[in-house]
Amino acid sequence: MSANISPWIINRRQDLTWFSGSALFGYALIALAIAFGGLPGKLAVGIGFAIDNPHVYSTTIRTVFDNKERARIRWLWLGILPLCVFGPIVTLLLGFASFFLFIAAWSQYHINKQHVGFVMIYKRKARERTDFKLDKAFTLTSLLLPFAYYLSAALVGSALFLLFFIPAVVIFLLYGWYQSRKSEINWPKLTLLVAFIPLQWLAWSFAAVDPKSPTRLLAAAVAVNIGHSFQYLRLMWFHNRNRYHDRPGLLGIVSRKWIYFLGFAVLLALPNYLAARAHDELISAAMLGFLMFHFVLDARIWRIRGDVELANALRL
């Protein structure tokens, strides 16, 4: 790798703080949940309002206020209403707990795909030309196995822990050994994986102790999501500032300073927070339709291949 090419997305300090170091918030929440048997309700709501919901609705800044991005999405906008109706229907038929488990599963896949995305960006920054399939498979498998263990505990009990954990450790060690033999080690990529893979095991093992407990499920979901939310907000701000800071109008204004960006994301998320205060399962299920739409939308807007503007905004 050329000496003048940085292996980091933003820079070393920013990446270690927001992209890898954000996992520390998850570890802190799991430690708190272990100490008290779950997370205090007000803390979970506060995290949702201050961090999780703004990360979801920050996508709107790019997909609604950028005319070109809005036009690219086109027919996907038609999916909002069906997704908002889907939740209440499932809640009426199977109960809100079943619908929340579905959301947790989809959210887990979405979070893990974001980690894969970071791994691919770090490979591109480091000019790694090989092992794309290996890195994708390792990252997804290592991050999904803990959740698969939790689901198995919900279905047949937690006695199967070693059947999931031992292969995961072997895969992790073999992968680390293989990476260490390369002429140049991609430290940003490996730091990200070392930060988040053990977190997944801690969180979902905590939930698997009593897989029918909504308190434990919520604690695990919040713990694995908080780092993802910080990652997303920082990457979106990095992208928006590079791409839109000189644009006229609202899009340019909210892309010039991080406080404007974050404040606007919180403002966009405010209806979701107000709906949650109604303490109605059907309303909550309907509002989670916007979260599901975020999952769908997010899989579309971060495809770097063929998108020169996106690659330039991410300094690739």
# chains A, B, ... in the order shown; residues from 1 in each chain; ligands from 1

call {"tool": "closest_atom_pairs", "arguments": {"of": "range 154-254 of chain A", "to": "range 139-149 of chain A", "cutoff": "12 Å", "atoms": "only C-alpha atoms", "output": "CSV"}}
result
residue,atom,partner,partner_atom,distance
A:Ala154,CA,A:Tyr149,CA,8.7
A:Leu155,CA,A:Tyr149,CA,9.9
A:Val156,CA,A:Tyr149,CA,10.2
A:Gly157,CA,A:Tyr149,CA,9.6
A:Ser158,CA,A:Tyr149,CA,7.9
A:Ala159,CA,A:Tyr149,CA,9.9
A:Leu160,CA,A:Tyr149,CA,7.5
A:Phe161,CA,A:Tyr149,CA,6.6
A:Leu162,CA,A:Tyr149,CA,9.4
A:Leu163,CA,A:Tyr149,CA,8.7
A:Phe164,CA,A:Tyr149,CA,6.3
A:Phe165,CA,A:Pro146,CA,7.9
A:Ile166,CA,A:Leu145,CA,10.8
A:Pro167,CA,A:Leu145,CA,9.4
A:Ala168,CA,A:Ser142,CA,6.4
A:Val169,CA,A:Ser142,CA,9.0
A:Val170,CA,A:Ser142,CA,10.6
A:Ile171,CA,A:Ser142,CA,8.0
A:Phe172,CA,A:Ser142,CA,7.6
A:Leu173,CA,A:Ser142,CA,11.4
A:Tyr175,CA,A:Thr139,CA,10.1
A:Lys189,CA,A:Thr139,CA,10.4
A:Leu190,CA,A:Thr139,CA,10.4
A:Leu192,CA,A:Thr139,CA,10.2
A:Leu193,CA,A:Thr139,CA,7.4
A:Val194,CA,A:Thr139,CA,10.6
A:Ala195,CA,A:Leu143,CA,11.3
A:Phe196,CA,A:Leu143,CA,8.0
A:Ile197,CA,A:Leu143,CA,5.8
A:Pro198,CA,A:Leu143,CA,8.8
A:Leu199,CA,A:Leu143,CA,9.2
A:Gln200,CA,A:Pro146,CA,6.0
A:Trp201,CA,A:Pro146,CA,5.1
A:Leu202,CA,A:Pro146,CA,8.4
A:Ala203,CA,A:Pro146,CA,8.3
A:Trp204,CA,A:Pro146,CA,5.9
A:Ser205,CA,A:Pro146,CA,7.2
A:Phe206,CA,A:Pro146,CA,10.4
A:Ala207,CA,A:Phe147,CA,9.4
A:Ala208,CA,A:Tyr149,CA,7.6
A:Val209,CA,A:Tyr149,CA,10.9
A:Pro211,CA,A:Tyr149,CA,10.4
A:Leu217,CA,A:Phe147,CA,10.8
A:Ala220,CA,A:Phe147,CA,9.9
A:Ala221,CA,A:Phe147,CA,10.2
A:Val224,CA,A:Leu143,CA,10.3

call {"tool": "write_last_selection", "arguments": {"atoms": "N, CA and C atoms", "output": "compact mmCIF listing (two decimals), in the first residue's frame"}}
result
# COMPACT_ATOMS: atom_id res chain seq x y z
N ALA A 154 -34.28 -20.38 22.35
CA ALA A 154 -35.72 -20.12 22.45
C ALA A 154 -36.53 -21.33 22.03
N LEU A 155 -35.98 -22.14 21.12
CA LEU A 155 -36.73 -23.28 20.59
C LEU A 155 -36.50 -24.58 21.36
N VAL A 156 -35.22 -24.84 21.69
CA VAL A 156 -34.91 -26.14 22.31
C VAL A 156 -34.15 -26.04 23.62
N GLY A 157 -33.79 -24.84 24.06
CA GLY A 157 -33.06 -24.68 25.31
C GLY A 157 -31.62 -24.29 25.06
N SER A 158 -30.93 -23.82 26.11
CA SER A 158 -29.59 -23.26 25.99
C SER A 158 -28.48 -24.31 26.07
N ALA A 159 -28.83 -25.60 26.10
CA ALA A 159 -27.81 -26.64 26.22
C ALA A 159 -26.94 -26.75 24.97
N LEU A 160 -27.37 -26.15 23.87
CA LEU A 160 -26.63 -26.24 22.61
C LEU A 160 -25.55 -25.18 22.47
N PHE A 161 -25.25 -24.49 23.54
CA PHE A 161 -24.30 -23.37 23.46
C PHE A 161 -22.98 -23.78 22.82
N LEU A 162 -22.38 -24.89 23.28
CA LEU A 162 -21.08 -25.29 22.79
C LEU A 162 -21.10 -25.66 21.31
N LEU A 163 -22.25 -26.13 20.83
CA LEU A 163 -22.35 -26.48 19.41
C LEU A 163 -22.22 -25.25 18.52
N PHE A 164 -22.53 -24.08 19.06
CA PHE A 164 -22.38 -22.83 18.31
C PHE A 164 -21.06 -22.14 18.65
N PHE A 165 -20.70 -22.17 19.94
CA PHE A 165 -19.56 -21.37 20.40
C PHE A 165 -18.22 -21.94 19.96
N ILE A 166 -18.04 -23.25 20.10
CA ILE A 166 -16.75 -23.86 19.75
C ILE A 166 -16.41 -23.68 18.27
N PRO A 167 -17.33 -23.97 17.34
CA PRO A 167 -17.01 -23.70 15.92
C PRO A 167 -16.71 -22.22 15.67
N ALA A 168 -17.42 -21.32 16.38
CA ALA A 168 -17.18 -19.88 16.19
C ALA A 168 -15.76 -19.52 16.62
N VAL A 169 -15.29 -20.07 17.75
CA VAL A 169 -13.94 -19.78 18.23
C VAL A 169 -12.90 -20.32 17.25
N VAL A 170 -13.13 -21.56 16.76
CA VAL A 170 -12.19 -22.16 15.80
C VAL A 170 -12.10 -21.33 14.53
N ILE A 171 -13.26 -20.90 14.01
CA ILE A 171 -13.29 -20.08 12.80
C ILE A 171 -12.56 -18.76 13.04
N PHE A 172 -12.80 -18.16 14.20
CA PHE A 172 -12.17 -16.87 14.54
C PHE A 172 -10.66 -17.01 14.59
N LEU A 173 -10.16 -18.07 15.25
CA LEU A 173 -8.72 -18.27 15.38
C LEU A 173 -8.06 -18.57 14.04
N TYR A 175 -9.15 -17.64 11.11
CA TYR A 175 -9.18 -16.41 10.33
C TYR A 175 -8.07 -15.46 10.77
N LYS A 189 -9.64 -3.07 9.58
CA LYS A 189 -10.62 -4.15 9.39
C LYS A 189 -10.63 -5.10 10.58
N LEU A 190 -9.48 -5.53 11.02
CA LEU A 190 -9.41 -6.49 12.12
C LEU A 190 -9.86 -5.88 13.44
N LEU A 192 -12.18 -3.61 13.84
CA LEU A 192 -13.64 -3.61 13.79
C LEU A 192 -14.21 -4.98 14.16
N LEU A 193 -13.64 -6.04 13.60
CA LEU A 193 -14.15 -7.39 13.85
C LEU A 193 -13.92 -7.81 15.30
N VAL A 194 -12.73 -7.50 15.83
CA VAL A 194 -12.43 -7.85 17.22
C VAL A 194 -13.32 -7.09 18.19
N ALA A 195 -13.73 -5.88 17.81
CA ALA A 195 -14.58 -5.08 18.68
C ALA A 195 -16.00 -5.62 18.75
N PHE A 196 -16.55 -6.06 17.61
CA PHE A 196 -17.98 -6.34 17.57
C PHE A 196 -18.37 -7.82 17.67
N ILE A 197 -17.50 -8.73 17.28
CA ILE A 197 -17.89 -10.15 17.34
C ILE A 197 -18.08 -10.62 18.78
N PRO A 198 -17.16 -10.36 19.72
CA PRO A 198 -17.42 -10.77 21.11
C PRO A 198 -18.64 -10.09 21.72
N LEU A 199 -18.92 -8.86 21.30
CA LEU A 199 -20.11 -8.16 21.81
C LEU A 199 -21.38 -8.92 21.45
N GLN A 200 -21.43 -9.44 20.24
CA GLN A 200 -22.61 -10.22 19.83
C GLN A 200 -22.79 -11.45 20.73
N TRP A 201 -21.69 -12.11 21.05
CA TRP A 201 -21.80 -13.29 21.90
C TRP A 201 -22.25 -12.92 23.32
N LEU A 202 -21.72 -11.85 23.86
CA LEU A 202 -22.13 -11.44 25.20
C LEU A 202 -23.62 -11.07 25.23
N ALA A 203 -24.04 -10.30 24.24
CA ALA A 203 -25.42 -9.81 24.23
C ALA A 203 -26.41 -10.96 24.07
N TRP A 204 -26.20 -11.80 23.06
CA TRP A 204 -27.19 -12.85 22.79
C TRP A 204 -27.09 -14.02 23.76
N SER A 205 -25.93 -14.21 24.38
CA SER A 205 -25.85 -15.21 25.46
C SER A 205 -26.63 -14.73 26.68
N PHE A 206 -26.57 -13.42 26.94
CA PHE A 206 -27.36 -12.85 28.03
C PHE A 206 -28.85 -13.06 27.76
N ALA A 207 -29.29 -12.83 26.53
CA ALA A 207 -30.70 -13.01 26.19
C ALA A 207 -31.09 -14.48 26.23
N ALA A 208 -30.17 -15.38 25.90
CA ALA A 208 -30.47 -16.81 25.83
C ALA A 208 -30.65 -17.45 27.20
N VAL A 209 -30.20 -16.78 28.27
CA VAL A 209 -30.40 -17.32 29.62
C VAL A 209 -31.89 -17.52 29.89
N PRO A 211 -34.74 -16.98 27.16
CA PRO A 211 -35.11 -16.49 25.82
C PRO A 211 -36.54 -15.99 25.70
N LEU A 217 -34.34 -9.75 25.90
CA LEU A 217 -34.29 -9.56 24.45
C LEU A 217 -34.07 -8.09 24.11
N ALA A 220 -30.41 -7.06 24.90
CA ALA A 220 -29.47 -7.54 23.88
C ALA A 220 -29.60 -6.73 22.59
N ALA A 221 -30.84 -6.46 22.19
CA ALA A 221 -31.07 -5.72 20.95
C ALA A 221 -30.49 -4.30 21.04
N VAL A 224 -26.46 -4.42 20.97
CA VAL A 224 -25.80 -4.65 19.68
C VAL A 224 -26.12 -3.54 18.69

call {"tool": "select_by_dssp", "arguments": {"residues": "range 115-288 of chain A", "states": "helix (DSSP H, G or I)", "output": "PyMOL selection string"}}
result
chain A and resi 115-125+132-156+158-180+187-208+214-244+249-253+258-276+281-288

call {"tool": "residues_around", "arguments": {"residues": "Val45 in chain A", "least_positions_apart": "2", "cutoff": "12 Å", "atoms": "only C-alpha atoms", "output": "PyMOL selection string"}}
result
chain A and resi 39-43+47-53+218-219+222+272-274+276-277+279

call {"tool": "closest_residue", "arguments": {"among": "A:Asn67, A:Thr215, A:Ser107, A:Ser229", "to": "Phe293 in chain A", "atoms": "only C-alpha atoms"}}
result
A:Ser107

call {"tool": "residues_around", "arguments": {"residues": "Gln114 in chain A", "least_positions_apart": "5", "cutoff": "10 Å", "atoms": "only C-alpha atoms", "output": "VMD selection string"}}
result
chain A and resid 108 to 109 119 to 120 140 228 231 to 232 298 to 299 302

call {"tool": "closest_residue", "arguments": {"among": "A:Gly117, A:Lys212, A:Gly46, A:Trp187", "to": "Tyr150 in chain A", "atoms": "only C-alpha atoms"}}
result
A:Lys212

call {"tool": "residues_around", "arguments": {"residues": "range 251-261 of chain A", "least_positions_apart": "5", "cutoff": "8 Å", "atoms": "only C-alpha atoms", "output": "MDAnalysis selection string"}}
result
chainID A and resid 61 65:66 237 240:241 244:246

call {"tool": "write_last_selection", "arguments": {"atoms": "N, CA and C atoms", "output": "PDB file, in the first residue's frame"}}
result
ATOM      1  N   ILE A  61     -32.574  12.622   5.326  1.00  0.00           N
ATOM      2  CA  ILE A  61     -31.876  13.826   4.876  1.00  0.00           C
ATOM      3  C   ILE A  61     -31.319  13.616   3.472  1.00  0.00           C
ATOM      4  N   PHE A  65     -34.293  14.933   0.613  1.00  0.00           N
ATOM      5  CA  PHE A  65     -33.904  16.307   0.290  1.00  0.00           C
ATOM      6  C   PHE A  65     -32.888  16.402  -0.857  1.00  0.00           C
ATOM      7  N   ASP A  66     -32.322  15.268  -1.261  1.00  0.00           N
ATOM      8  CA  ASP A  66     -31.485  15.228  -2.461  1.00  0.00           C
ATOM      9  C   ASP A  66     -32.363  14.745  -3.618  1.00  0.00           C
ATOM     10  N   TRP A 237     -22.920  11.540   8.410  1.00  0.00           N
ATOM     11  CA  TRP A 237     -22.460  12.923   8.532  1.00  0.00           C
ATOM     12  C   TRP A 237     -21.217  13.153   7.668  1.00  0.00           C
ATOM     13  N   ASN A 240     -22.529  13.249   4.056  1.00  0.00           N
ATOM     14  CA  ASN A 240     -23.333  14.434   3.746  1.00  0.00           C
ATOM     15  C   ASN A 240     -22.480  15.703   3.695  1.00  0.00           C
ATOM     16  N   ARG A 241     -21.549  15.809   4.632  1.00  0.00           N
ATOM     17  CA  ARG A 241     -20.711  17.009   4.642  1.00  0.00           C
ATOM     18  C   ARG A 241     -19.852  17.085   3.378  1.00  0.00           C
ATOM     19  N   TYR A 244     -22.728  17.501   0.293  1.00  0.00           N
ATOM     20  CA  TYR A 244     -23.790  18.513   0.217  1.00  0.00           C
ATOM     21  C   TYR A 244     -23.445  19.859   0.857  1.00  0.00           C
ATOM     22  N   HIS A 245     -22.270  20.014   1.447  1.00  0.00           N
ATOM     23  CA  HIS A 245     -22.016  21.226   2.242  1.00  0.00           C
ATOM     24  C   HIS A 245     -22.105  22.508   1.423  1.00  0.00           C
ATOM     25  N   ASP A 246     -21.899  22.416   0.110  1.00  0.00           N
ATOM     26  CA  ASP A 246     -21.968  23.616  -0.722  1.00  0.00           C
ATOM     27  C   ASP A 246     -23.277  23.725  -1.494  1.00  0.00           C
TER      28      ASP A 246
END

call {"tool": "closest_residue", "arguments": {"among": "A:Glu128, A:Met236, A:Phe36, A:Ile121", "to": "Ser183 in chain A", "atoms": "only C-alpha atoms"}}
result
A:Glu128

call {"tool": "atom_distance", "arguments": {"atom1": "CA of Tyr27 in chain A", "atom2": "CA of Arg124 in chain A"}}
result
28.7 Å

call {"tool": "closest_residue", "arguments": {"among": "A:Phe96, A:Phe295, A:Tyr57, A:Phe118", "to": "Leu262 in chain A", "atoms": "only C-alpha atoms"}}
result
A:Tyr57

call {"tool": "residues_around", "arguments": {"residues": "Pro54 in chain A", "least_positions_apart": "6", "cutoff": "6 Å", "atoms": "only C-alpha atoms", "output": "CSV table (one decimal) with C-alpha atoms, in the first residue's frame"}}
result
chain,number,residue,atom,x,y,z
A,265,ALA,CA,-32.2,14.0,12.5
A,266,VAL,CA,-33.7,14.3,16.0
A,269,ALA,CA,-37.5,11.3,14.6

call {"tool": "atom_distance", "arguments": {"atom1": "CA of Leu24 in chain A", "atom2": "CA of Ile226 in chain A"}}
result
9.4 Å

call {"tool": "residues_around", "arguments": {"residues": "Ser20 in chain A", "least_positions_apart": "3", "cutoff": "7 Å", "atoms": "only C-alpha atoms", "output": "MDAnalysis selection string"}}
result
chainID A and resid 15:17 23 191:192 195

call {"tool": "decode", "arguments": {"residues": "range 39-72 of chain A", "atoms": "N, CA and C atoms", "output": "PDB file, in the first residue's frame"}}
result
ATOM      1  N   LEU A  39     -32.155  -3.743  31.234  1.00  0.00           N
ATOM      2  CA  LEU A  39     -31.910  -2.304  31.181  1.00  0.00           C
ATOM      3  C   LEU A  39     -33.100  -1.549  31.747  1.00  0.00           C
ATOM      4  N   PRO A  40     -32.871  -0.504  32.535  1.00  0.00           N
ATOM      5  CA  PRO A  40     -33.989   0.337  32.991  1.00  0.00           C
ATOM      6  C   PRO A  40     -34.769   0.869  31.794  1.00  0.00           C
ATOM      7  N   GLY A  41     -36.092   0.854  31.922  1.00  0.00           N
ATOM      8  CA  GLY A  41     -36.944   1.264  30.811  1.00  0.00           C
ATOM      9  C   GLY A  41     -36.646   2.665  30.314  1.00  0.00           C
ATOM     10  N   LYS A  42     -36.418   3.601  31.231  1.00  0.00           N
ATOM     11  CA  LYS A  42     -36.154   4.985  30.833  1.00  0.00           C
ATOM     12  C   LYS A  42     -34.847   5.100  30.064  1.00  0.00           C
ATOM     13  N   LEU A  43     -33.861   4.272  30.422  1.00  0.00           N
ATOM     14  CA  LEU A  43     -32.591   4.298  29.715  1.00  0.00           C
ATOM     15  C   LEU A  43     -32.772   3.795  28.287  1.00  0.00           C
ATOM     16  N   ALA A  44     -33.513   2.690  28.121  1.00  0.00           N
ATOM     17  CA  ALA A  44     -33.750   2.145  26.787  1.00  0.00           C
ATOM     18  C   ALA A  44     -34.491   3.149  25.910  1.00  0.00           C
ATOM     19  N   VAL A  45     -35.509   3.806  26.488  1.00  0.00           N
ATOM     20  CA  VAL A  45     -36.263   4.817  25.735  1.00  0.00           C
ATOM     21  C   VAL A  45     -35.374   5.999  25.386  1.00  0.00           C
ATOM     22  N   GLY A  46     -34.538   6.416  26.334  1.00  0.00           N
ATOM     23  CA  GLY A  46     -33.638   7.537  26.092  1.00  0.00           C
ATOM     24  C   GLY A  46     -32.646   7.253  24.980  1.00  0.00           C
ATOM     25  N   ILE A  47     -32.107   6.028  24.959  1.00  0.00           N
ATOM     26  CA  ILE A  47     -31.182   5.647  23.889  1.00  0.00           C
ATOM     27  C   ILE A  47     -31.903   5.647  22.547  1.00  0.00           C
ATOM     28  N   GLY A  48     -33.141   5.148  22.558  1.00  0.00           N
ATOM     29  CA  GLY A  48     -33.923   5.139  21.323  1.00  0.00           C
ATOM     30  C   GLY A  48     -34.160   6.536  20.795  1.00  0.00           C
ATOM     31  N   PHE A  49     -34.512   7.453  21.688  1.00  0.00           N
ATOM     32  CA  PHE A  49     -34.811   8.821  21.266  1.00  0.00           C
ATOM     33  C   PHE A  49     -33.562   9.574  20.835  1.00  0.00           C
ATOM     34  N   ALA A  50     -32.474   9.426  21.591  1.00  0.00           N
ATOM     35  CA  ALA A  50     -31.277  10.240  21.345  1.00  0.00           C
ATOM     36  C   ALA A  50     -30.361   9.672  20.274  1.00  0.00           C
ATOM     37  N   ILE A  51     -30.368   8.340  20.077  1.00  0.00           N
ATOM     38  CA  ILE A  51     -29.376   7.732  19.187  1.00  0.00           C
ATOM     39  C   ILE A  51     -30.000   6.872  18.097  1.00  0.00           C
ATOM     40  N   ASP A  52     -30.860   5.924  18.494  1.00  0.00           N
ATOM     41  CA  ASP A  52     -31.367   4.950  17.518  1.00  0.00           C
ATOM     42  C   ASP A  52     -32.314   5.596  16.505  1.00  0.00           C
ATOM     43  N   ASN A  53     -33.347   6.294  16.976  1.00  0.00           N
ATOM     44  CA  ASN A  53     -34.294   6.913  16.042  1.00  0.00           C
ATOM     45  C   ASN A  53     -33.630   7.951  15.129  1.00  0.00           C
ATOM     46  N   PRO A  54     -32.744   8.825  15.660  1.00  0.00           N
ATOM     47  CA  PRO A  54     -32.055   9.742  14.740  1.00  0.00           C
ATOM     48  C   PRO A  54     -31.231   9.029  13.674  1.00  0.00           C
ATOM     49  N   HIS A  55     -30.633   7.876  14.020  1.00  0.00           N
ATOM     50  CA  HIS A  55     -29.858   7.149  12.999  1.00  0.00           C
ATOM     51  C   HIS A  55     -30.781   6.635  11.903  1.00  0.00           C
ATOM     52  N   VAL A  56     -31.980   6.192  12.281  1.00  0.00           N
ATOM     53  CA  VAL A  56     -32.938   5.711  11.280  1.00  0.00           C
ATOM     54  C   VAL A  56     -33.405   6.851  10.381  1.00  0.00           C
ATOM     55  N   TYR A  57     -33.788   7.959  10.997  1.00  0.00           N
ATOM     56  CA  TYR A  57     -34.383   9.052  10.225  1.00  0.00           C
ATOM     57  C   TYR A  57     -33.337   9.961   9.571  1.00  0.00           C
ATOM     58  N   SER A  58     -32.058   9.796   9.929  1.00  0.00           N
ATOM     59  CA  SER A  58     -31.029  10.559   9.229  1.00  0.00           C
ATOM     60  C   SER A  58     -30.953  10.166   7.763  1.00  0.00           C
ATOM     61  N   THR A  59     -31.403   8.953   7.453  1.00  0.00           N
ATOM     62  CA  THR A  59     -31.443   8.518   6.052  1.00  0.00           C
ATOM     63  C   THR A  59     -32.324   9.431   5.225  1.00  0.00           C
ATOM     64  N   THR A  60     -33.351  10.003   5.868  1.00  0.00           N
ATOM     65  CA  THR A  60     -34.284  10.881   5.169  1.00  0.00           C
ATOM     66  C   THR A  60     -33.590  12.118   4.613  1.00  0.00           C
ATOM     67  N   ILE A  61     -32.574  12.622   5.326  1.00  0.00           N
ATOM     68  CA  ILE A  61     -31.876  13.826   4.876  1.00  0.00           C
ATOM     69  C   ILE A  61     -31.319  13.616   3.472  1.00  0.00           C
ATOM     70  N   ARG A  62     -30.813  12.428   3.242  1.00  0.00           N
ATOM     71  CA  ARG A  62     -30.218  12.122   1.936  1.00  0.00           C
ATOM     72  C   ARG A  62     -31.263  11.704   0.905  1.00  0.00           C
ATOM     73  N   THR A  63     -32.218  10.888   1.296  1.00  0.00           N
ATOM     74  CA  THR A  63     -33.125  10.283   0.319  1.00  0.00           C
ATOM     75  C   THR A  63     -34.325  11.151  -0.029  1.00  0.00           C
ATOM     76  N   VAL A  64     -34.645  12.134   0.807  1.00  0.00           N
ATOM     77  CA  VAL A  64     -35.782  13.012   0.535  1.00  0.00           C
ATOM     78  C   VAL A  64     -35.323  14.370   0.016  1.00  0.00           C
ATOM     79  N   PHE A  65     -34.293  14.933   0.613  1.00  0.00           N
ATOM     80  CA  PHE A  65     -33.904  16.307   0.290  1.00  0.00           C
ATOM     81  C   PHE A  65     -32.888  16.402  -0.857  1.00  0.00           C
ATOM     82  N   ASP A  66     -32.322  15.268  -1.261  1.00  0.00           N
ATOM     83  CA  ASP A  66     -31.485  15.228  -2.461  1.00  0.00           C
ATOM     84  C   ASP A  66     -32.363  14.745  -3.618  1.00  0.00           C
ATOM     85  N   ASN A  67     -32.650  15.627  -4.570  1.00  0.00           N
ATOM     86  CA  ASN A  67     -33.559  15.298  -5.666  1.00  0.00           C
ATOM     87  C   ASN A  67     -33.100  14.080  -6.460  1.00  0.00           C
ATOM     88  N   LYS A  68     -31.800  13.995  -6.710  1.00  0.00           N
ATOM     89  CA  LYS A  68     -31.279  12.872  -7.483  1.00  0.00           C
ATOM     90  C   LYS A  68     -31.463  11.551  -6.741  1.00  0.00           C
ATOM     91  N   GLU A  69     -31.164  11.549  -5.436  1.00  0.00           N
ATOM     92  CA  GLU A  69     -31.339  10.336  -4.635  1.00  0.00           C
ATOM     93  C   GLU A  69     -32.807   9.942  -4.542  1.00  0.00           C
ATOM     94  N   ARG A  70     -33.664  10.938  -4.375  1.00  0.00           N
ATOM     95  CA  ARG A  70     -35.100  10.656  -4.287  1.00  0.00           C
ATOM     96  C   ARG A  70     -35.619  10.019  -5.579  1.00  0.00           C
ATOM     97  N   ALA A  71     -35.130  10.500  -6.709  1.00  0.00           N
ATOM     98  CA  ALA A  71     -35.557   9.939  -7.997  1.00  0.00           C
ATOM     99  C   ALA A  71     -35.028   8.525  -8.204  1.00  0.00           C
ATOM    100  N   ARG A  72     -33.831   8.251  -7.682  1.00  0.00           N
ATOM    101  CA  ARG A  72     -33.250   6.918  -7.838  1.00  0.00           C
ATOM    102  C   ARG A  72     -34.053   5.849  -7.112  1.00  0.00           C
TER     103      ARG A  72
END
